[in-house]
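Presented below is the structure to which this report refers.
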Amino acid sequence: MASKATRSYNFQDIKRLVEHPQKDTLLVDVREPKELQAYKMPTAVNIPLQSAPGALALSKTEFEDLFHFSKPQPSQELVFFCAKGLRAKAAEELARSYGYDNTGVYEGSINDWLANGGEKVKTE
């Protein structure tokens with residue numbers, strides 16, 4: 001079975017996901033925990049690329065013990081973002097290597113989100 005192409009997300013796409021979360025799509029912030037102190041995107045989970053590059057290869061129990069939320073299902077779409085987009089692309093490629101074929105990247109990442117007023121967007 002051929003894997004799906006990586007989907008590219010823009011600000012409006014992400015805004016819709018934040019305002020109307022979908023259980024089959026997960027926003028994944030790959031910045032380090034200290035970076036989240038400045039701004040954390042609503043509805044996103046944090047799986048830091050630098051300090052936990054093998055996170056998606058962990059067992060369900062190991063993942064949940066480390067991150068305190070459920071390990072994403074391979075069927076879920078994982079949409080990666082970081083500060084500027086570089087780490088998001090690397091994290092997306094890594095996720096594919098662990099069998100997560102339904103992936104997306106918000107290339108503008110947090111910088112684009114904040115530049116477009118995203119910090120004011122709230123979930124319903």
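A note on labels: chains of the structure tokens are A, B, ... as shown, every chain counts residues from 1, and ligands are counted from 1 in their shown order.
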Closest atom pairs, residues of region 62-122 of chain A within 9 Å of region 30-52 of chain A, only C-alpha atoms, as CSV:
```
residue,atom,partner,partner_atom,distance
A:Phe67,CA,A:Ile47,CA,7.7
A:Phe69,CA,A:Val45,CA,8.4
A:Phe80,CA,A:Val30,CA,6.8
A:Phe81,CA,A:Val30,CA,6.2
A:Cys82,CA,A:Arg31,CA,5.2
A:Ala83,CA,A:Arg31,CA,6.9
A:Arg87,CA,A:Val30,CA,7.0
A:Ala88,CA,A:Val30,CA,6.5
A:Ala90,CA,A:Leu49,CA,8.2
A:Ala91,CA,A:Leu49,CA,6.2
A:Ile110,CA,A:Met41,CA,8.0
A:Trp113,CA,A:Met41,CA,8.8
A:Gly118,CA,A:Met41,CA,8.4
A:Glu119,CA,A:Met41,CA,7.3
A:Val121,CA,A:Pro42,CA,7.9
A:Lys122,CA,A:Pro42,CA,6.9
```
Selected residues written out with N, CA and C atoms, as a PDB file, in the first residue's frame:
```pdb
ATOM      1  N   PHE A  67       4.852  11.135  28.385  1.00  0.00           N
ATOM      2  CA  PHE A  67       4.168  12.348  27.929  1.00  0.00           C
ATOM      3  C   PHE A  67       2.834  12.645  28.616  1.00  0.00           C
ATOM      4  N   PHE A  69      -0.165  11.609  27.936  1.00  0.00           N
ATOM      5  CA  PHE A  69      -1.336  11.574  27.063  1.00  0.00           C
ATOM      6  C   PHE A  69      -1.199  10.344  26.178  1.00  0.00           C
ATOM      7  N   PHE A  80       2.492  18.353  12.068  1.00  0.00           N
ATOM      8  CA  PHE A  80       3.654  18.821  12.819  1.00  0.00           C
ATOM      9  C   PHE A  80       3.917  20.307  12.607  1.00  0.00           C
ATOM     10  N   PHE A  81       4.344  20.963  13.697  1.00  0.00           N
ATOM     11  CA  PHE A  81       4.795  22.353  13.608  1.00  0.00           C
ATOM     12  C   PHE A  81       5.845  22.594  14.675  1.00  0.00           C
ATOM     13  N   CYS A  82       6.608  23.674  14.487  1.00  0.00           N
ATOM     14  CA  CYS A  82       7.647  24.049  15.448  1.00  0.00           C
ATOM     15  C   CYS A  82       7.657  25.569  15.552  1.00  0.00           C
ATOM     16  N   ALA A  83       8.818  26.178  15.519  1.00  0.00           N
ATOM     17  CA  ALA A  83       8.889  27.640  15.559  1.00  0.00           C
ATOM     18  C   ALA A  83       8.830  28.221  14.151  1.00  0.00           C
ATOM     19  N   ARG A  87      12.139  22.022  11.988  1.00  0.00           N
ATOM     20  CA  ARG A  87      12.031  20.822  12.827  1.00  0.00           C
ATOM     21  C   ARG A  87      10.744  20.053  12.515  1.00  0.00           C
ATOM     22  N   ALA A  88       9.682  20.764  12.131  1.00  0.00           N
ATOM     23  CA  ALA A  88       8.421  20.101  11.798  1.00  0.00           C
ATOM     24  C   ALA A  88       8.611  19.140  10.633  1.00  0.00           C
ATOM     25  N   ALA A  90      11.430  17.692   9.725  1.00  0.00           N
ATOM     26  CA  ALA A  90      12.262  16.574  10.196  1.00  0.00           C
ATOM     27  C   ALA A  90      11.423  15.601  11.032  1.00  0.00           C
ATOM     28  N   ALA A  91      10.561  16.130  11.887  1.00  0.00           N
ATOM     29  CA  ALA A  91       9.711  15.284  12.730  1.00  0.00           C
ATOM     30  C   ALA A  91       8.728  14.484  11.877  1.00  0.00           C
ATOM     31  N   ILE A 110       4.764  28.233  14.370  1.00  0.00           N
ATOM     32  CA  ILE A 110       4.347  29.211  15.388  1.00  0.00           C
ATOM     33  C   ILE A 110       4.566  30.652  14.929  1.00  0.00           C
ATOM     34  N   TRP A 113       1.681  31.502  12.774  1.00  0.00           N
ATOM     35  CA  TRP A 113       0.470  31.487  13.604  1.00  0.00           C
ATOM     36  C   TRP A 113       0.340  32.802  14.381  1.00  0.00           C
ATOM     37  N   GLY A 118      -3.046  34.284  15.517  1.00  0.00           N
ATOM     38  CA  GLY A 118      -3.491  32.993  16.028  1.00  0.00           C
ATOM     39  C   GLY A 118      -3.536  32.880  17.534  1.00  0.00           C
ATOM     40  N   GLU A 119      -2.759  33.690  18.233  1.00  0.00           N
ATOM     41  CA  GLU A 119      -2.738  33.561  19.699  1.00  0.00           C
ATOM     42  C   GLU A 119      -4.107  33.866  20.299  1.00  0.00           C
ATOM     43  N   VAL A 121      -6.980  32.905  18.926  1.00  0.00           N
ATOM     44  CA  VAL A 121      -7.930  31.854  18.525  1.00  0.00           C
ATOM     45  C   VAL A 121      -8.173  30.906  19.688  1.00  0.00           C
ATOM     46  N   LYS A 122      -9.451  30.661  19.983  1.00  0.00           N
ATOM     47  CA  LYS A 122      -9.818  29.771  21.080  1.00  0.00           C
ATOM     48  C   LYS A 122     -10.608  28.577  20.541  1.00  0.00           C
TER      49      LYS A 122
END
```
**Request:** Write out as number ranges by chain all residues of region 21-119 of chain A that backbone DSSP assigns to helix (DSSP H, G or I).
**Result:** A: 33-36, 55-57, 60-67, 86-97, 109-115, 118-119
**Complete:** Counting only C-alpha atoms, the residue among A:Asn116, A:Ser97, A:Thr103, A:Ser8 that lies closest to Gly54 (chain A) is A:Ser97
**Request:** Run DSSP on the backbone of this structure and report the residues of chain A it assigns to strand (DSSP E or B), as JSON, numbers by chain.
**Result:** {"A": [7, 8, 9, 25, 26, 27, 28, 29, 45, 46, 77, 78, 79, 80, 81, 103, 104, 105, 106]}
**Message:** For a test of reading the model, state the distance in Å between CA of Glu77 (chain A) and CA of Ala115 (chain A), rounded to one decimal.
**Reply:** 25.1 Å
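Within the 12 Å cut-off around Asn10 (chain A), using only C-alpha atoms and omitting residues fewer than 2 positions from it on the same chain, the listed residues are A:Arg7, A:Ser8, A:Gln12, A:Asp13, A:Ile14, A:Lys15, A:Arg16, A:Leu17, A:Val79, A:Phe80, A:Phe81, A:Gly85, A:Gly104, A:Val105, A:Tyr106, A:Glu107, A:Gly108, A:Ser109, A:Ile110, A:Asn111, A:Asp112, A:Trp113, A:Asn116, A:Gly118.
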**Message:** So the first atom is CA of Lys23 (chain A) and the second is CA of Asp65 (chain A); what is the distance between them in Å, to one decimal place?
**Reply:**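 CA of Asp65 (chain A) lies 21.2 Å from CA of Lys23 (chain A).
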**Item:** Atom pair CA of Leu114 (chain A) / CA of Leu66 (chain A): separation (Å)
**Value:** 28.5 Å
